[in-house]
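Visitor: Enclosed is the structure file model-v8.tsv (TSV, C-alpha atoms and all ligand atoms).
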```
chain	number	residue	atom	x	y	z
A	193	MET	CA	6.44	9.77	-13.75
A	194	GLU	CA	6.14	9.66	-10.04
A	195	ASP	CA	7.18	6.41	-8.53
A	196	CYS	CA	6.82	4.37	-11.53
A	197	ILE	CA	8.56	1.28	-10.30
A	198	ALA	CA	11.84	0.99	-12.03
A	199	THR	CA	11.10	-1.76	-14.53
A	200	GLY	CA	7.37	-2.27	-14.38
A	201	LEU	CA	8.04	-6.00	-14.29
A	202	ILE	CA	8.22	-6.30	-10.54
A	203	SER	CA	5.36	-5.71	-8.17
A	204	PRO	CA	5.78	-2.47	-6.31
A	205	PRO	CA	6.39	-2.79	-2.58
A	206	ILE	CA	3.54	-1.66	-0.38
A	207	GLY	CA	5.57	0.96	1.43
A	208	ARG	CA	4.68	4.24	2.97
A	209	ASP	CA	7.00	6.56	1.09
A	210	ARG	CA	6.03	6.09	-2.44
A	211	SER	CA	5.99	9.64	-3.75
A	212	GLY	CA	8.80	11.14	-5.73
A	213	VAL	CA	8.91	14.66	-4.40
A	214	ALA	CA	10.68	16.19	-7.35
A	215	SER	CA	8.22	14.64	-9.74
A	216	VAL	CA	5.25	16.12	-7.97
A	217	PHE	CA	6.87	19.53	-8.25
A	218	SER	CA	7.76	18.91	-11.87
A	219	HIS	CA	4.13	18.14	-12.73
A	220	ALA	CA	3.13	21.37	-11.00
A	221	VAL	CA	5.81	23.32	-12.86
A	222	ALA	CA	4.50	21.97	-16.17
A	223	ALA	CA	0.95	22.97	-15.18
A	224	LEU	CA	2.02	26.47	-14.20
A	225	SER	CA	3.82	26.94	-17.50
A	226	ILE	CA	0.63	25.92	-19.33
A	227	GLY	CA	-1.09	28.51	-17.16
A	228	ALA	CA	1.17	31.18	-18.65
A	229	CYS	CA	-0.54	30.58	-22.02
A	230	PHE	CA	-3.94	31.27	-20.42
A	231	TYR	CA	-2.90	34.19	-18.24
A	232	ARG	CA	-5.16	37.23	-18.21
A	233	PRO	CA	-4.65	40.14	-15.85
A	234	GLY	CA	-7.04	40.06	-12.93
A	235	THR	CA	-7.43	36.28	-12.89
A	236	SER	CA	-7.58	34.91	-9.36
A	237	LYS	CA	-4.36	33.23	-8.21
A	238	ARG	CA	-6.59	30.39	-7.07
A	239	VAL	CA	-6.92	29.31	-10.71
A	240	TRP	CA	-3.18	28.72	-11.06
A	241	VAL	CA	-2.89	26.99	-7.69
A	242	VAL	CA	-5.80	24.68	-8.52
A	243	GLY	CA	-4.26	23.98	-11.95
A	244	ALA	CA	-1.04	22.90	-10.25
A	245	VAL	CA	-3.02	20.64	-7.92
A	246	CYS	CA	-4.90	19.18	-10.92
A	247	SER	CA	-1.56	18.11	-12.39
A	248	MET	CA	-0.84	16.05	-9.27
A	249	ILE	CA	-4.26	14.41	-8.89
A	250	PRO	CA	-3.64	11.48	-11.30
A	251	ASP	CA	-1.01	9.98	-9.00
A	252	LEU	CA	-3.56	9.52	-6.24
A	253	ASP	CA	-3.93	6.15	-7.92
A	254	VAL	CA	-0.86	4.91	-6.01
A	255	ILE	CA	-3.22	4.51	-3.05
A	256	GLY	CA	-4.54	1.50	-4.93
A	257	PHE	CA	-1.30	-0.41	-4.29
A	258	ARG	CA	-2.28	-0.56	-0.62
A	259	PHE	CA	-5.53	-2.25	-1.52
A	260	GLY	CA	-4.01	-4.87	-3.75
A	261	ILE	CA	-4.80	-3.14	-7.04
A	262	ARG	CA	-2.11	-4.14	-9.51
A	263	TYR	CA	-0.15	-1.71	-11.62
A	264	GLY	CA	-1.72	-2.84	-14.89
A	265	ASP	CA	-5.33	-2.78	-13.63
A	266	PHE	CA	-8.00	-0.26	-14.61
A	267	TRP	CA	-7.49	1.61	-11.32
A	268	GLY	CA	-3.78	0.70	-11.24
A	269	HIS	CA	-0.98	3.24	-11.41
A	270	ARG	CA	-1.03	5.21	-14.70
A	271	GLY	CA	-4.41	3.67	-15.46
A	272	PHE	CA	-7.76	5.47	-15.68
A	273	THR	CA	-6.66	8.45	-13.56
A	274	HIS	CA	-4.04	9.23	-16.19
A	275	SER	CA	-6.52	9.14	-19.09
A	276	LEU	CA	-7.85	12.02	-21.15
A	277	LEU	CA	-11.40	11.26	-20.06
A	278	PHE	CA	-10.38	11.46	-16.42
A	279	ALA	CA	-8.75	14.84	-17.12
A	280	ALA	CA	-12.04	16.10	-18.59
A	281	VAL	CA	-14.05	14.72	-15.66
A	282	ALA	CA	-11.61	16.14	-13.09
A	283	ALA	CA	-11.64	19.57	-14.76
A	284	SER	CA	-15.46	19.56	-14.79
A	285	ALA	CA	-15.64	18.44	-11.15
A	286	VAL	CA	-13.23	21.18	-10.07
A	287	MET	CA	-15.28	23.76	-11.98
A	288	LEU	CA	-18.47	22.59	-10.27
A	289	MET	CA	-16.87	22.57	-6.85
A	290	GLY	CA	-15.00	25.85	-6.89
A	291	PHE	CA	-15.60	27.89	-10.03
A	292	ARG	CA	-19.35	28.10	-10.62
A	293	ARG	CA	-19.42	31.87	-10.72
A	294	VAL	CA	-17.88	33.96	-13.45
A	295	LEU	CA	-14.62	35.44	-12.16
A	296	PRO	CA	-12.74	38.52	-13.32
A	297	GLY	CA	-9.99	37.80	-15.84
A	298	LEU	CA	-10.23	34.42	-17.48
A	299	GLY	CA	-13.63	33.12	-18.70
A	300	ARG	CA	-15.10	29.84	-17.48
A	301	PHE	CA	-14.38	27.77	-20.58
A	302	PRO	CA	-10.68	28.79	-20.72
A	303	ILE	CA	-10.43	27.96	-17.00
A	304	TRP	CA	-11.93	24.51	-17.68
A	305	MET	CA	-9.56	24.04	-20.60
A	306	TYR	CA	-6.61	25.00	-18.40
A	307	PHE	CA	-7.61	22.50	-15.70
A	308	PHE	CA	-8.10	19.84	-18.38
A	309	LEU	CA	-4.68	20.46	-19.94
A	310	ALA	CA	-2.98	20.67	-16.54
A	311	THR	CA	-4.41	17.28	-15.58
A	312	ALA	CA	-3.75	15.72	-18.98
A	313	SER	CA	-0.16	17.00	-18.98
A	314	HIS	CA	0.54	14.60	-16.14
A	315	GLY	CA	-0.07	11.54	-18.29
A	316	LEU	CA	1.87	13.05	-21.15
A	317	LEU	CA	4.95	13.56	-18.98
A	318	ASP	CA	4.62	10.08	-17.48
A	319	ALA	CA	4.54	8.68	-21.03
A	320	MET	CA	7.92	10.33	-21.60
A	321	THR	CA	9.63	8.48	-18.75
A	322	ASP	CA	11.93	5.52	-19.17
A	323	GLY	CA	10.30	3.17	-16.67
A	324	GLY	CA	7.12	1.64	-15.31
A	325	LEU	CA	4.14	0.76	-17.44
A	326	GLY	CA	2.81	3.15	-20.03
A	327	VAL	CA	-0.17	5.46	-19.65
A	328	ALA	CA	-3.79	4.43	-20.33
A	329	PHE	CA	-4.58	7.62	-22.26
A	330	PHE	CA	-7.78	6.25	-23.76
A	331	SER	CA	-9.17	4.36	-20.77
A	332	PRO	CA	-11.92	3.20	-20.34
A	333	PHE	CA	-12.31	2.66	-24.11
A	334	ASP	CA	-8.84	1.23	-24.62
A	335	SER	CA	-6.88	-0.14	-21.68
A	336	HIS	CA	-3.58	-0.28	-23.57
A	337	ARG	CA	-0.70	1.49	-21.82
A	338	TYR	CA	1.09	3.90	-24.11
A	339	PHE	CA	4.49	5.54	-24.07
A	340	LEU	CA	5.54	8.36	-26.35
A	341	PRO	CA	8.21	7.37	-28.89
A	342	TRP	CA	10.60	9.75	-27.12
A	343	ARG	CA	11.26	9.04	-23.44
A	344	PRO	CA	14.10	11.21	-22.12
A	345	ILE	CA	12.80	11.62	-18.53
A	346	HIS	CA	14.19	9.21	-15.94
A	347	VAL	CA	11.52	7.58	-13.86
A	348	SER	CA	11.72	8.84	-10.30
A	349	PRO	CA	12.81	6.63	-7.40
A	350	ILE	CA	10.32	5.51	-4.81
A	351	GLY	CA	10.53	7.50	-1.62
A	352	ALA	CA	12.17	10.73	-0.61
A	353	ALA	CA	15.12	8.97	1.04
A	354	ARG	CA	16.15	7.25	-2.14
A	355	PHE	CA	15.76	10.50	-3.93
A	356	PHE	CA	19.09	11.61	-2.49
A	357	THR	CA	20.98	8.80	-4.13
A	358	HIS	CA	22.97	8.90	-7.34
A	359	ARG	CA	19.90	7.68	-9.21
A	360	GLY	CA	17.83	10.38	-7.51
A	361	LEU	CA	20.21	13.06	-8.73
A	362	GLU	CA	20.03	11.67	-12.25
A	363	VAL	CA	16.24	11.90	-12.08
A	364	LEU	CA	16.43	15.46	-10.80
A	365	GLN	CA	18.79	16.39	-13.62
A	366	SER	CA	16.58	14.85	-16.27
A	367	GLU	CA	13.47	16.55	-14.89
A	368	LEU	CA	15.24	19.92	-14.76
A	369	LEU	CA	16.39	19.48	-18.33
A	370	TRP	CA	13.25	18.01	-19.88
A	371	ILE	CA	10.49	19.62	-17.79
A	372	TRP	CA	11.67	22.72	-15.90
A	373	LEU	CA	13.77	24.15	-18.71
A	374	PRO	CA	11.10	23.75	-21.45
A	375	ALA	CA	8.52	25.10	-18.95
A	376	ALA	CA	10.67	28.18	-18.32
A	377	LEU	CA	11.21	28.64	-22.06
A	378	LEU	CA	7.47	28.38	-22.68
A	379	VAL	CA	6.73	31.03	-20.04
A	380	LEU	CA	9.47	33.26	-21.46
A	381	SER	CA	8.22	32.94	-25.04
A	382	VAL	CA	4.62	33.65	-24.03
A	383	TRP	CA	5.79	36.71	-22.09
A	384	LEU	CA	7.89	37.94	-25.04
A	385	MET	CA	5.05	37.39	-27.52
A	386	ARG	CA	2.61	39.29	-25.31
A	387	ARG	CA	5.06	42.12	-24.86
A	388	ARG	CA	5.44	42.37	-28.60
A	389	ALA	CA	1.70	42.24	-29.18
A	390	ALA	CA	0.94	44.86	-26.54
A	391	PRO	CA	0.58	48.37	-27.94
A	392	SER	CA	3.55	50.45	-26.93
A	393	ALA	CA	2.80	53.25	-24.53
B	401	ZN	ZN	1.65	9.55	-12.80
```
The structure in this file should be written as structure tokens.
Ligand SMILES: [Zn+2]

Guide:
Amino acid sequence: MEDCIATGLISPPIGRDRSGVASVFSHAVAALSIGACFYRPGTSKRVWVVGAVCSMIPDLDVIGFRFGIRYGDFWGHRGFTHSLLFAAVAASAVMLMGFRRVLPGLGRFPIWMYFFLATASHGLLDAMTDGGLGVAFFSPFDSHRYFLPWRPIHVSPIGAARFFTHRGLEVLQSELLWIWLPAALLVLSVWLMRRRAAPSA
């Protein structure tokens, strides 16, 4: 969703301020709400923080614009780094780098699955935006860029300054409505279900 160049038809400018701040937070919010489904008491907070970071990693591909990589290329924006395979590789790499030992709380496979879903959720949300190119979910096997049939989220403007424009406010509203609100509802329902399932004292 971040910075996905309003129409996708024009080349993005090679500017410095290309990140949509709200979008980065929205990806993290989505990741944290997924974390609520995996929550086990005693799990290190590091797991949730790293999950939130995982959800932002795919947009590192915007660096490619500086090096002349075009939007629709393999390494272009919403390309390979937004794919499901990348999410699996990223989750595995994060496990190897920081979660080799068994931790209290959540087991290693659920932690991997959480990191995978947090990373993959990024592409899913981008595919629900109304601008830019679609997401290469199946790269490198299929380079086609996909959108979901339902795209209610406004694509975010490029740069923090433009974020405070009318368009920026529209984006913020749509992200609050279509990402933050469902995320809060998911967390609430998981909490309610767990409360119901817990044996009463
Ligand atoms: Zn993205």

Visitor: In Å, rounded to a single decimal, give me how far CA of Gly243 in chain A is from CA of Phe307 in chain A.

Guide: 5.2 Å

Visitor: Quick one: pull the distance between CA of Pro250 in chain A and CA of Thr273 in chain A, Å, one decimal.

Guide: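 Going from CA of Pro250 in chain A over to CA of Thr273 in chain A, I get 4.8 Å.
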
Visitor: May I have the residues within 10 Å of Pro296 in chain A as a ChimeraX atom specification, using only C-alpha atoms and disregarding those fewer than 3 positions away in the same chain?

Guide: /A:232-236,293,299-300

Visitor: Could you write out the selected residues, including C-alpha atoms, as a compact mmCIF listing (two decimals), in the frame of the given file?

Guide:
```txt
# COMPACT_ATOMS: atom_id res chain seq x y z
CA ARG A 232 -5.16 37.23 -18.21
CA PRO A 233 -4.65 40.14 -15.85
CA GLY A 234 -7.04 40.06 -12.93
CA THR A 235 -7.43 36.28 -12.89
CA SER A 236 -7.58 34.91 -9.36
CA ARG A 293 -19.42 31.87 -10.72
CA GLY A 299 -13.63 33.12 -18.70
CA ARG A 300 -15.10 29.84 -17.48
```

Visitor: Tell me which of A:Met289, A:Ile249, A:Ile345, A:Met305 sits closest to Leu369 in chain A, counting only C-alpha atoms.

Guide: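 Among the listed residues, A:Ile345 lies closest to Leu369 in chain A.
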
Visitor: Write out as a CSV table (one decimal) with C-alpha atoms, in the coordinates of the input each polymer residue (protein, DNA or RNA) that has an atom no more than 9 Å from ligand ZN 401 (chain B), with all atoms listed in the file counted.

Guide:
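pocket.csv written:
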```csv
chain,number,residue,atom,x,y,z
A,193,MET,CA,6.4,9.8,-13.8
A,194,GLU,CA,6.1,9.7,-10.0
A,195,ASP,CA,7.2,6.4,-8.5
A,196,CYS,CA,6.8,4.4,-11.5
A,215,SER,CA,8.2,14.6,-9.7
A,216,VAL,CA,5.2,16.1,-8.0
A,219,HIS,CA,4.1,18.1,-12.7
A,248,MET,CA,-0.8,16.0,-9.3
A,249,ILE,CA,-4.3,14.4,-8.9
A,250,PRO,CA,-3.6,11.5,-11.3
A,251,ASP,CA,-1.0,10.0,-9.0
A,252,LEU,CA,-3.6,9.5,-6.2
A,253,ASP,CA,-3.9,6.2,-7.9
A,254,VAL,CA,-0.9,4.9,-6.0
A,269,HIS,CA,-1.0,3.2,-11.4
A,270,ARG,CA,-1.0,5.2,-14.7
A,271,GLY,CA,-4.4,3.7,-15.5
A,273,THR,CA,-6.7,8.4,-13.6
A,274,HIS,CA,-4.0,9.2,-16.2
A,314,HIS,CA,0.5,14.6,-16.1
A,315,GLY,CA,-0.1,11.5,-18.3
A,317,LEU,CA,5.0,13.6,-19.0
A,318,ASP,CA,4.6,10.1,-17.5
A,319,ALA,CA,4.5,8.7,-21.0
A,327,VAL,CA,-0.2,5.5,-19.6
```

Visitor: When you count only C-alpha atoms, which of these residues is closest to Leu288 in chain A: A:Cys229, A:Ile303, A:Ser218, A:Pro332?

Guide: A:Ile303

Visitor: What lies within 12 Å of His336 in chain A using all atoms listed in the file, ignoring chain neighbours under 2 positions off, as a PyMOL selection string?

Guide: chain A and resi 264-266+270-272+275+325-334+338-339

Visitor: Which is closest to Trp304 in chain A among A:Val379, A:Ile261, A:Leu340, A:Val242, if we use all atoms listed in the file?

Guide: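 Among A:Val379, A:Ile261, A:Leu340, A:Val242, it is A:Val242 that comes nearest to Trp304 in chain A.
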
Visitor: In Å to one decimal, how far is CA of Pro344 in chain A from CA of Tyr231 in chain A?

Guide: 28.8 Å

Visitor: Output as a PDB file, in the coordinates of the input: range 354-388 of chain A, completed with N, CA and C atoms.

Guide:
```
ATOM      1  N   ARG A 354      15.385   7.727  -0.990  1.00  0.00           N
ATOM      2  CA  ARG A 354      16.150   7.250  -2.140  1.00  0.00           C
ATOM      3  C   ARG A 354      16.368   8.338  -3.179  1.00  0.00           C
ATOM      4  N   PHE A 355      15.605   9.410  -2.987  1.00  0.00           N
ATOM      5  CA  PHE A 355      15.760  10.500  -3.930  1.00  0.00           C
ATOM      6  C   PHE A 355      17.154  11.110  -3.831  1.00  0.00           C
ATOM      7  N   PHE A 356      17.772  11.016  -2.663  1.00  0.00           N
ATOM      8  CA  PHE A 356      19.090  11.610  -2.490  1.00  0.00           C
ATOM      9  C   PHE A 356      20.206  10.621  -2.798  1.00  0.00           C
ATOM     10  N   THR A 357      19.963   9.742  -3.682  1.00  0.00           N
ATOM     11  CA  THR A 357      20.980   8.800  -4.130  1.00  0.00           C
ATOM     12  C   THR A 357      21.472   9.276  -5.500  1.00  0.00           C
ATOM     13  N   HIS A 358      22.457   8.539  -6.031  1.00  0.00           N
ATOM     14  CA  HIS A 358      22.970   8.900  -7.340  1.00  0.00           C
ATOM     15  C   HIS A 358      21.841   8.869  -8.377  1.00  0.00           C
ATOM     16  N   ARG A 359      21.029   7.817  -8.286  1.00  0.00           N
ATOM     17  CA  ARG A 359      19.900   7.680  -9.210  1.00  0.00           C
ATOM     18  C   ARG A 359      18.929   8.859  -9.043  1.00  0.00           C
ATOM     19  N   GLY A 360      18.724   9.258  -7.777  1.00  0.00           N
ATOM     20  CA  GLY A 360      17.830  10.380  -7.510  1.00  0.00           C
ATOM     21  C   GLY A 360      18.331  11.655  -8.162  1.00  0.00           C
ATOM     22  N   LEU A 361      19.639  11.861  -8.117  1.00  0.00           N
ATOM     23  CA  LEU A 361      20.210  13.060  -8.730  1.00  0.00           C
ATOM     24  C   LEU A 361      20.069  13.019 -10.248  1.00  0.00           C
ATOM     25  N   GLU A 362      20.211  11.824 -10.794  1.00  0.00           N
ATOM     26  CA  GLU A 362      20.030  11.670 -12.250  1.00  0.00           C
ATOM     27  C   GLU A 362      18.606  12.043 -12.643  1.00  0.00           C
ATOM     28  N   VAL A 363      17.648  11.594 -11.806  1.00  0.00           N
ATOM     29  CA  VAL A 363      16.240  11.900 -12.080  1.00  0.00           C
ATOM     30  C   VAL A 363      16.015  13.403 -12.014  1.00  0.00           C
ATOM     31  N   LEU A 364      16.584  14.017 -10.969  1.00  0.00           N
ATOM     32  CA  LEU A 364      16.430  15.460 -10.800  1.00  0.00           C
ATOM     33  C   LEU A 364      16.982  16.197 -12.017  1.00  0.00           C
ATOM     34  N   GLN A 365      18.167  15.765 -12.444  1.00  0.00           N
ATOM     35  CA  GLN A 365      18.790  16.390 -13.620  1.00  0.00           C
ATOM     36  C   GLN A 365      17.897  16.251 -14.844  1.00  0.00           C
ATOM     37  N   SER A 366      17.363  15.057 -15.059  1.00  0.00           N
ATOM     38  CA  SER A 366      16.580  14.850 -16.270  1.00  0.00           C
ATOM     39  C   SER A 366      15.273  15.639 -16.201  1.00  0.00           C
ATOM     40  N   GLU A 367      14.699  15.766 -14.996  1.00  0.00           N
ATOM     41  CA  GLU A 367      13.470  16.550 -14.890  1.00  0.00           C
ATOM     42  C   GLU A 367      13.746  18.046 -15.077  1.00  0.00           C
ATOM     43  N   LEU A 368      14.882  18.503 -14.559  1.00  0.00           N
ATOM     44  CA  LEU A 368      15.240  19.920 -14.760  1.00  0.00           C
ATOM     45  C   LEU A 368      15.422  20.204 -16.244  1.00  0.00           C
ATOM     46  N   LEU A 369      16.089  19.273 -16.909  1.00  0.00           N
ATOM     47  CA  LEU A 369      16.390  19.480 -18.330  1.00  0.00           C
ATOM     48  C   LEU A 369      15.157  19.347 -19.220  1.00  0.00           C
ATOM     49  N   TRP A 370      14.338  18.319 -18.948  1.00  0.00           N
ATOM     50  CA  TRP A 370      13.250  18.010 -19.880  1.00  0.00           C
ATOM     51  C   TRP A 370      11.895  18.538 -19.450  1.00  0.00           C
ATOM     52  N   ILE A 371      11.787  19.054 -18.221  1.00  0.00           N
ATOM     53  CA  ILE A 371      10.490  19.620 -17.790  1.00  0.00           C
ATOM     54  C   ILE A 371      10.656  21.086 -17.374  1.00  0.00           C
ATOM     55  N   TRP A 372      11.548  21.345 -16.425  1.00  0.00           N
ATOM     56  CA  TRP A 372      11.670  22.720 -15.900  1.00  0.00           C
ATOM     57  C   TRP A 372      12.199  23.678 -16.957  1.00  0.00           C
ATOM     58  N   LEU A 373      13.200  23.258 -17.691  1.00  0.00           N
ATOM     59  CA  LEU A 373      13.770  24.150 -18.710  1.00  0.00           C
ATOM     60  C   LEU A 373      12.759  24.462 -19.823  1.00  0.00           C
ATOM     61  N   PRO A 374      12.117  23.438 -20.445  1.00  0.00           N
ATOM     62  CA  PRO A 374      11.100  23.750 -21.450  1.00  0.00           C
ATOM     63  C   PRO A 374       9.956  24.588 -20.859  1.00  0.00           C
ATOM     64  N   ALA A 375       9.601  24.317 -19.580  1.00  0.00           N
ATOM     65  CA  ALA A 375       8.520  25.100 -18.950  1.00  0.00           C
ATOM     66  C   ALA A 375       8.942  26.570 -18.858  1.00  0.00           C
ATOM     67  N   ALA A 376      10.186  26.797 -18.440  1.00  0.00           N
ATOM     68  CA  ALA A 376      10.670  28.180 -18.320  1.00  0.00           C
ATOM     69  C   ALA A 376      10.723  28.838 -19.702  1.00  0.00           C
ATOM     70  N   LEU A 377      11.136  28.075 -20.705  1.00  0.00           N
ATOM     71  CA  LEU A 377      11.210  28.640 -22.060  1.00  0.00           C
ATOM     72  C   LEU A 377       9.810  28.978 -22.583  1.00  0.00           C
ATOM     73  N   LEU A 378       8.844  28.117 -22.251  1.00  0.00           N
ATOM     74  CA  LEU A 378       7.470  28.380 -22.680  1.00  0.00           C
ATOM     75  C   LEU A 378       6.960  29.677 -22.054  1.00  0.00           C
ATOM     76  N   VAL A 379       7.182  29.816 -20.738  1.00  0.00           N
ATOM     77  CA  VAL A 379       6.730  31.030 -20.040  1.00  0.00           C
ATOM     78  C   VAL A 379       7.417  32.254 -20.644  1.00  0.00           C
ATOM     79  N   LEU A 380       8.717  32.134 -20.895  1.00  0.00           N
ATOM     80  CA  LEU A 380       9.470  33.260 -21.460  1.00  0.00           C
ATOM     81  C   LEU A 380       8.943  33.626 -22.844  1.00  0.00           C
ATOM     82  N   SER A 381       8.699  32.613 -23.691  1.00  0.00           N
ATOM     83  CA  SER A 381       8.220  32.940 -25.040  1.00  0.00           C
ATOM     84  C   SER A 381       6.842  33.571 -25.018  1.00  0.00           C
ATOM     85  N   VAL A 382       5.949  33.057 -24.125  1.00  0.00           N
ATOM     86  CA  VAL A 382       4.620  33.650 -24.030  1.00  0.00           C
ATOM     87  C   VAL A 382       4.742  35.115 -23.591  1.00  0.00           C
ATOM     88  N   TRP A 383       5.610  35.349 -22.601  1.00  0.00           N
ATOM     89  CA  TRP A 383       5.790  36.710 -22.090  1.00  0.00           C
ATOM     90  C   TRP A 383       6.329  37.622 -23.202  1.00  0.00           C
ATOM     91  N   LEU A 384       7.313  37.123 -23.963  1.00  0.00           N
ATOM     92  CA  LEU A 384       7.890  37.940 -25.040  1.00  0.00           C
ATOM     93  C   LEU A 384       6.851  38.228 -26.121  1.00  0.00           C
ATOM     94  N   MET A 385       6.056  37.197 -26.475  1.00  0.00           N
ATOM     95  CA  MET A 385       5.050  37.390 -27.520  1.00  0.00           C
ATOM     96  C   MET A 385       4.008  38.408 -27.081  1.00  0.00           C
ATOM     97  N   ARG A 386       3.612  38.334 -25.809  1.00  0.00           N
ATOM     98  CA  ARG A 386       2.610  39.290 -25.310  1.00  0.00           C
ATOM     99  C   ARG A 386       3.162  40.696 -25.260  1.00  0.00           C
ATOM    100  N   ARG A 387       4.432  40.794 -24.910  1.00  0.00           N
ATOM    101  CA  ARG A 387       5.060  42.120 -24.860  1.00  0.00           C
ATOM    102  C   ARG A 387       5.114  42.741 -26.244  1.00  0.00           C
ATOM    103  N   ARG A 388       5.400  41.883 -27.219  1.00  0.00           N
ATOM    104  CA  ARG A 388       5.440  42.370 -28.600  1.00  0.00           C
ATOM    105  C   ARG A 388       4.079  42.792 -29.092  1.00  0.00           C
TER     106      ARG A 388
END
```
